[in-house]
>>> print(open('work.cif').read())   # mmCIF, C-alpha atoms
data_final
loop_
_atom_site.label_atom_id
_atom_site.label_comp_id
_atom_site.auth_asym_id
_atom_site.auth_seq_id
_atom_site.Cartn_x
_atom_site.Cartn_y
_atom_site.Cartn_z
CA MET A 1 114.17 96.04 104.70
CA ARG A 2 112.80 96.02 108.24
CA THR A 3 111.95 99.23 110.07
CA THR A 4 114.91 98.84 112.43
CA ASP A 5 117.27 98.47 109.45
CA LYS A 6 115.79 101.58 107.86
CA ASP A 7 116.27 103.48 111.10
CA LYS A 8 119.92 102.46 111.20
CA LEU A 9 120.33 103.55 107.60
CA TRP A 10 118.87 106.95 108.42
CA GLU A 11 121.09 107.28 111.47
CA SER A 12 124.13 106.52 109.35
CA TYR A 13 123.10 109.06 106.73
CA GLN A 14 122.43 111.75 109.34
CA ARG A 15 125.89 111.21 110.82
CA LYS A 16 127.66 110.97 107.49
CA PRO A 17 125.59 111.89 104.38
CA VAL A 18 127.79 110.12 101.84
CA PRO A 19 126.59 109.21 98.29
CA GLU A 20 126.71 105.48 99.01
CA ILE A 21 124.16 105.64 101.84
CA ARG A 22 122.07 108.14 99.91
CA GLU A 23 121.92 105.68 97.02
CA GLN A 24 120.76 102.94 99.42
CA LEU A 25 117.94 105.16 100.67
CA ILE A 26 116.87 105.99 97.11
CA ILE A 27 116.69 102.28 96.24
CA GLU A 28 114.88 101.45 99.48
CA TYR A 29 112.15 104.04 98.94
CA SER A 30 111.86 103.87 95.14
CA PRO A 31 108.64 101.75 95.39
CA LEU A 32 107.01 104.80 97.01
CA VAL A 33 107.63 106.77 93.81
CA LYS A 34 105.82 104.08 91.81
CA ILE A 35 102.83 104.22 94.16
CA VAL A 36 102.49 108.01 93.91
CA ALA A 37 103.06 107.97 90.13
CA GLY A 38 100.45 105.23 89.79
CA ARG A 39 97.84 107.28 91.62
CA LEU A 40 98.54 110.40 89.56
CA SER A 41 98.44 108.41 86.32
CA MET A 42 94.78 107.70 87.09
CA TYR A 43 94.02 111.35 86.34
CA LEU A 44 96.15 111.52 83.21
CA GLY A 45 95.01 108.32 81.55
CA TYR A 46 97.03 107.83 78.39
CA ASN A 47 98.11 111.47 78.12
CA VAL A 48 101.48 110.83 79.73
CA GLU A 49 103.67 107.76 80.12
CA TYR A 50 103.73 106.16 83.57
CA ASP A 51 107.53 105.74 83.31
CA ASP A 52 107.87 109.49 82.76
CA LEU A 53 105.90 110.18 85.94
CA VAL A 54 108.20 107.82 87.84
CA SER A 55 111.31 109.56 86.50
CA TYR A 56 109.92 112.97 87.56
CA GLY A 57 109.05 111.57 90.98
CA ILE A 58 112.56 110.26 91.62
CA PHE A 59 113.78 113.86 91.82
CA GLY A 60 111.18 114.50 94.51
CA LEU A 61 112.36 111.44 96.44
CA ILE A 62 115.98 112.58 96.29
CA ASP A 63 114.94 116.06 97.46
CA ALA A 64 112.99 114.51 100.34
CA ILE A 65 115.96 112.40 101.43
CA ASP A 66 118.26 115.43 101.39
CA LYS A 67 115.87 117.61 103.42
CA PHE A 68 114.29 115.11 105.81
CA ASP A 69 114.82 115.71 109.52
CA VAL A 70 114.63 112.45 111.50
CA GLY A 71 114.24 114.49 114.69
CA LYS A 72 110.74 115.58 113.71
CA ASP A 73 107.72 113.48 114.60
CA VAL A 74 106.68 112.63 111.05
CA LYS A 75 107.07 109.49 108.96
CA PHE A 76 109.44 109.78 106.04
CA GLU A 77 106.89 108.11 103.75
CA THR A 78 104.38 110.87 104.49
CA TYR A 79 106.89 113.64 103.89
CA ALA A 80 108.37 112.01 100.79
CA SER A 81 104.95 111.36 99.21
CA LEU A 82 104.25 115.10 99.19
CA ARG A 83 107.68 115.84 97.75
CA ILE A 84 107.33 113.19 95.05
CA ARG A 85 103.85 114.36 94.07
CA GLY A 86 105.00 117.97 94.02
CA ALA A 87 107.98 117.15 91.79
CA ILE A 88 105.77 115.36 89.27
CA LEU A 89 103.22 118.17 89.15
CA ASP A 90 105.91 120.84 88.90
CA GLN A 91 107.40 119.08 85.88
CA ILE A 92 103.99 118.81 84.21
CA ARG A 93 103.39 122.52 84.76
CA LYS A 94 106.83 123.42 83.39
CA MET A 95 106.13 121.44 80.24
CA ASP A 96 102.98 123.53 79.67
CA TRP A 97 101.84 120.95 77.18
CA ILE A 98 98.10 121.44 77.53
CA PRO A 99 96.96 122.60 74.07
CA ARG A 100 94.85 125.74 73.86
CA THR A 101 92.09 123.72 72.19
CA VAL A 102 91.90 121.50 75.29
CA ARG A 103 91.60 124.54 77.56
CA GLN A 104 88.82 125.86 75.32
CA LYS A 105 86.96 122.55 75.57
CA GLN A 106 87.19 122.71 79.36
CA LYS A 107 85.66 126.19 79.33
CA LYS A 108 82.85 125.09 77.01
CA ILE A 109 81.98 122.09 79.20
CA ASP A 110 82.08 124.21 82.38
CA GLU A 111 79.80 126.82 80.78
CA ALA A 112 77.39 124.15 79.50
CA ILE A 113 77.18 122.61 82.99
CA ARG A 114 76.57 126.03 84.56
CA VAL A 115 73.74 126.86 82.14
CA ILE A 116 72.10 123.42 82.39
CA GLU A 117 72.17 123.38 86.19
CA ALA A 118 70.78 126.93 86.34
CA GLU A 119 67.93 125.95 84.00
CA LYS A 120 67.17 122.46 85.28
CA GLY A 121 68.02 122.80 88.97
CA HIS A 122 69.93 119.50 89.12
CA ASN A 123 73.38 118.16 88.28
CA ALA A 124 73.96 118.14 84.55
CA THR A 125 73.98 114.68 82.97
CA ASP A 126 76.35 113.64 80.19
CA GLU A 127 73.43 113.47 77.80
CA GLU A 128 72.40 117.06 78.60
CA ILE A 129 75.98 118.33 78.29
CA ALA A 130 76.47 116.59 74.94
CA GLU A 131 73.19 117.99 73.61
CA LYS A 132 74.05 121.50 74.80
CA LEU A 133 77.45 121.33 73.04
CA GLY A 134 76.07 119.67 69.92
CA LEU A 135 78.18 116.57 70.47
CA THR A 136 77.50 112.85 70.38
CA GLY A 137 78.00 110.85 73.56
CA GLU A 138 81.22 109.38 72.17
CA GLU A 139 82.58 112.82 71.25
CA LEU A 140 81.91 114.09 74.78
CA LEU A 141 83.77 111.09 76.23
CA ASN A 142 86.74 111.92 74.00
CA TRP A 143 86.68 115.52 75.23
CA GLN A 144 86.58 114.37 78.85
CA SER A 145 89.51 112.05 78.24
CA GLN A 146 91.57 114.96 76.88
CA LEU A 147 90.73 117.06 79.94
CA LYS A 148 92.44 114.75 82.42
CA VAL A 149 95.54 116.93 82.53
CA THR A 150 93.60 120.08 83.40
CA ASN A 151 91.65 118.14 86.02
CA LEU A 152 94.91 116.97 87.55
CA ILE A 153 96.23 120.51 87.83
CA SER A 154 93.03 121.95 89.27
CA LEU A 155 92.59 119.15 91.80
CA ASN A 156 96.04 119.71 93.24
CA ASP A 157 95.58 123.30 94.38
CA TYR A 158 97.40 122.52 97.61
CA VAL A 159 100.65 122.47 95.65
CA GLU A 160 100.00 126.08 94.63
CA GLN A 161 99.42 126.96 98.27
CA GLY A 162 102.99 125.96 99.10
CA SER A 163 105.09 123.03 97.98
CA GLU A 164 106.94 122.83 101.31
CA PRO A 165 105.39 119.98 103.33
CA VAL A 166 105.14 121.06 106.96
CA MET A 167 107.08 118.81 109.34
CA ASP A 168 105.26 119.70 112.52
CA ALA A 169 104.72 117.18 115.30
CA THR A 170 101.38 118.81 116.15
CA PHE A 171 99.80 117.50 112.95
CA ASN A 172 101.26 114.01 113.36
CA SER A 173 100.16 113.42 116.94
CA HIS A 174 98.12 110.36 117.81
CA PHE A 175 96.00 112.60 120.02
CA ALA A 176 93.30 114.52 118.15
CA GLN A 177 93.19 118.25 118.85
CA PRO A 178 89.65 119.69 119.38
CA GLU A 179 89.82 121.77 116.20
CA HIS A 180 90.92 118.70 114.25
CA VAL A 181 87.93 116.71 115.53
CA ILE A 182 85.60 119.44 114.26
CA GLU A 183 87.37 119.45 110.89
CA GLU A 184 87.10 115.67 110.66
CA GLU A 185 83.36 115.76 111.36
CA GLU A 186 82.91 118.42 108.69
CA LEU A 187 84.99 116.38 106.26
CA HIS A 188 82.86 113.26 106.77
CA LYS A 189 79.71 115.32 106.19
CA VAL A 190 81.04 116.90 103.00
CA LEU A 191 82.42 113.61 101.71
CA LYS A 192 79.06 111.88 102.24
CA GLU A 193 77.25 114.69 100.41
CA SER A 194 79.68 114.54 97.49
CA LEU A 195 79.23 110.77 97.10
CA GLU A 196 75.45 111.13 97.02
CA ILE A 197 75.54 113.16 93.78
CA LEU A 198 77.43 110.44 91.89
CA THR A 199 75.95 107.73 89.71
CA GLU A 200 76.22 104.18 91.06
CA LYS A 201 79.15 103.33 88.79
CA GLU A 202 81.00 106.55 89.62
CA LYS A 203 80.51 105.89 93.33
CA LYS A 204 81.82 102.34 92.98
CA VAL A 205 84.94 103.56 91.19
CA ILE A 206 85.68 106.11 93.94
CA LEU A 207 85.04 103.65 96.77
CA LEU A 208 87.03 100.83 95.20
CA TYR A 209 89.92 103.10 94.26
CA TYR A 210 90.29 105.20 97.41
CA TYR A 211 88.88 102.95 100.12
CA GLU A 212 89.74 99.48 98.85
CA GLU A 213 92.94 100.83 97.20
CA MET A 214 92.40 98.83 94.03
CA THR A 215 94.10 99.64 90.74
CA SER A 216 92.13 100.79 87.69
CA LYS A 217 92.83 97.39 86.12
CA GLU A 218 91.32 95.54 89.09
CA ILE A 219 88.30 97.84 89.12
CA SER A 220 87.77 97.31 85.38
CA HIS A 221 87.56 93.54 85.99
CA ILE A 222 85.02 93.99 88.81
CA LEU A 223 82.78 96.40 86.88
CA GLU A 224 83.39 94.54 83.61
CA VAL A 225 84.31 97.64 81.60
CA SER A 226 87.56 98.81 80.00
CA GLU A 227 90.31 100.61 81.91
CA SER A 228 89.74 103.71 79.78
CA ARG A 229 86.07 103.70 80.85
CA ILE A 230 87.13 103.45 84.52
CA SER A 231 89.41 106.43 83.95
CA GLN A 232 86.53 108.39 82.42
CA LEU A 233 84.21 107.54 85.32
CA HIS A 234 86.93 108.54 87.79
CA THR A 235 87.43 111.91 86.08
CA LYS A 236 83.71 112.69 85.97
CA ALA A 237 83.22 111.66 89.60
CA LEU A 238 86.03 113.91 90.83
CA GLY A 239 84.67 116.80 88.77
CA LYS A 240 81.29 116.46 90.50
CA MET A 241 82.80 115.94 93.95
CA LYS A 242 84.99 119.02 93.65
CA LYS A 243 81.90 121.26 93.59
CA VAL A 244 80.79 119.95 96.98
CA MET A 245 84.13 119.28 98.68
CA GLY A 246 86.01 122.46 97.78
CA ASN A 247 89.25 122.67 99.79
CA TYR A 248 88.71 119.17 101.19
CA MET A 249 89.33 117.77 97.72
CA ASN A 250 93.05 117.22 98.37
CA ILE A 251 92.31 114.25 100.66
CA LEU A 252 91.79 112.24 97.45
CA GLU A 253 95.42 112.89 96.54
CA GLY A 254 96.84 110.92 99.42
#
>>> encode(input="work.cif", output="structure tokens")
Amino acid sequence: MRTTDKDKLWESYQRKPVPEIREQLIIEYSPLVKIVAGRLSMYLGYNVEYDDLVSYGIFGLIDAIDKFDVGKDVKFETYASLRIRGAILDQIRKMDWIPRTVRQKQKKIDEAIRVIEAEKGHNATDEEIAEKLGLTGEELLNWQSQLKVTNLISLNDYVEQGSEPVMDATFNSHFAQPEHVIEEEELHKVLKESLEILTEKEKKVILLYYYEEMTSKEISHILEVSESRISQLHTKALGKMKKVMGNYMNILEG
């Protein structure tokens, strides 16, 4: 559907919010749910079904349609993406399906990294972490795969800060405010620093995924490794980047 047709659909729904038009909007924007669910599934790997994420996200889309104000200077896709993502994460939290053993593994890995980096003065390698925990390399990879759910939750702190996306024209203006320019410069600096601590393969995964917008399957073909390995590299890269980026980390959720 063309933009003008979408605008007319929204105008009709604003005038008369009947179920028939609402259903049309849901169908029209359902591909957006698949995009958001696909990005989140990168964190979860095989821990949750993609179709389940889509079904959770549909509720966020419906909520976005019901609450969207066409009078505000913000694209519906931007507003809806936040709603969809929030709905998926809320459902995952409600399920509380992260086993205690997985939480314990996360704590052990975090502690091992802290000790290694304090002793060695550099970023802990997988080999050092495995040795510290008394694990083989394969066992550590299995642990990291299980931790995708906890990584997902921790990397989406902005949801905890308030699930209501702000529809404010100030933040959607084409004209950069002075304070926003400063923030953008700081972001570029932090992002560059975070990429420098990654291995070459980890950096390639991040760049191909977020900048080239490739799928994990496409990246696996380019790097000639399995999709599960791409998922592992992605998880490890984000874990390292989080230490440097802090609150800027949520830009990788877009």
>>> residues_around(input="work.cif", residues="region 60-63 of chain A", least_positions_apart="4", cutoff="6 Å", atoms="only C-alpha atoms", output="list in words")
Ala80, Arg83, Ile84 and Ala87 of chain A
>>> closest_residue(input="work.cif", among="A:Asn123, A:Gln14, A:Gln106, A:Ser41", to="Ile92 (chain A)", atoms="only C-alpha atoms")
A:Ser41
>>> resolve_selection(input="work.cif", expression="the PyMOL selection byres ((chain A and resi 66) around 12)", output="ChimeraX atom specification")
/A:10,13-14,17-19,21-23,25-26,59-65,67-70,76,79-80,83
>>> atom_distance(input="work.cif", atom1="CA of Val244 (chain A)", atom2="CA of Val225 (chain A)")
27.3 Å
>>> closest_residue(input="work.cif", among="A:Thr101, A:Ser81, A:Ser220, A:Ser12", to="Arg39 (chain A)", atoms="only C-alpha atoms")
A:Ser81
>>> closest_residue(input="work.cif", among="A:Ala37, A:Leu198, A:Leu208, A:Ile129", to="Leu238 (chain A)", atoms="all atoms listed in the file")
A:Leu198
>>> resolve_selection(input="work.cif", expression="the PyMOL selection byres ((chain A and resi 109) around 10)", output="NGL selection string")
:A and (104-108 or 110-115 or 129-130 or 132-133 or 140 or 143-144)
>>> write_last_selection(input="work.cif", atoms="C-alpha atoms", output="PDB file, in the coordinates of the input")
ATOM      1  CA  GLN A 104      88.820 125.860  75.320  1.00  0.00           C
ATOM      2  CA  LYS A 105      86.960 122.550  75.570  1.00  0.00           C
ATOM      3  CA  GLN A 106      87.190 122.710  79.360  1.00  0.00           C
ATOM      4  CA  LYS A 107      85.660 126.190  79.330  1.00  0.00           C
ATOM      5  CA  LYS A 108      82.850 125.090  77.010  1.00  0.00           C
ATOM      6  CA  ASP A 110      82.080 124.210  82.380  1.00  0.00           C
ATOM      7  CA  GLU A 111      79.800 126.820  80.780  1.00  0.00           C
ATOM      8  CA  ALA A 112      77.390 124.150  79.500  1.00  0.00           C
ATOM      9  CA  ILE A 113      77.180 122.610  82.990  1.00  0.00           C
ATOM     10  CA  ARG A 114      76.570 126.030  84.560  1.00  0.00           C
ATOM     11  CA  VAL A 115      73.740 126.860  82.140  1.00  0.00           C
ATOM     12  CA  ILE A 129      75.980 118.330  78.290  1.00  0.00           C
ATOM     13  CA  ALA A 130      76.470 116.590  74.940  1.00  0.00           C
ATOM     14  CA  LYS A 132      74.050 121.500  74.800  1.00  0.00           C
ATOM     15  CA  LEU A 133      77.450 121.330  73.040  1.00  0.00           C
ATOM     16  CA  LEU A 140      81.910 114.090  74.780  1.00  0.00           C
ATOM     17  CA  TRP A 143      86.680 115.520  75.230  1.00  0.00           C
ATOM     18  CA  GLN A 144      86.580 114.370  78.850  1.00  0.00           C
TER      19      GLN A 144
END
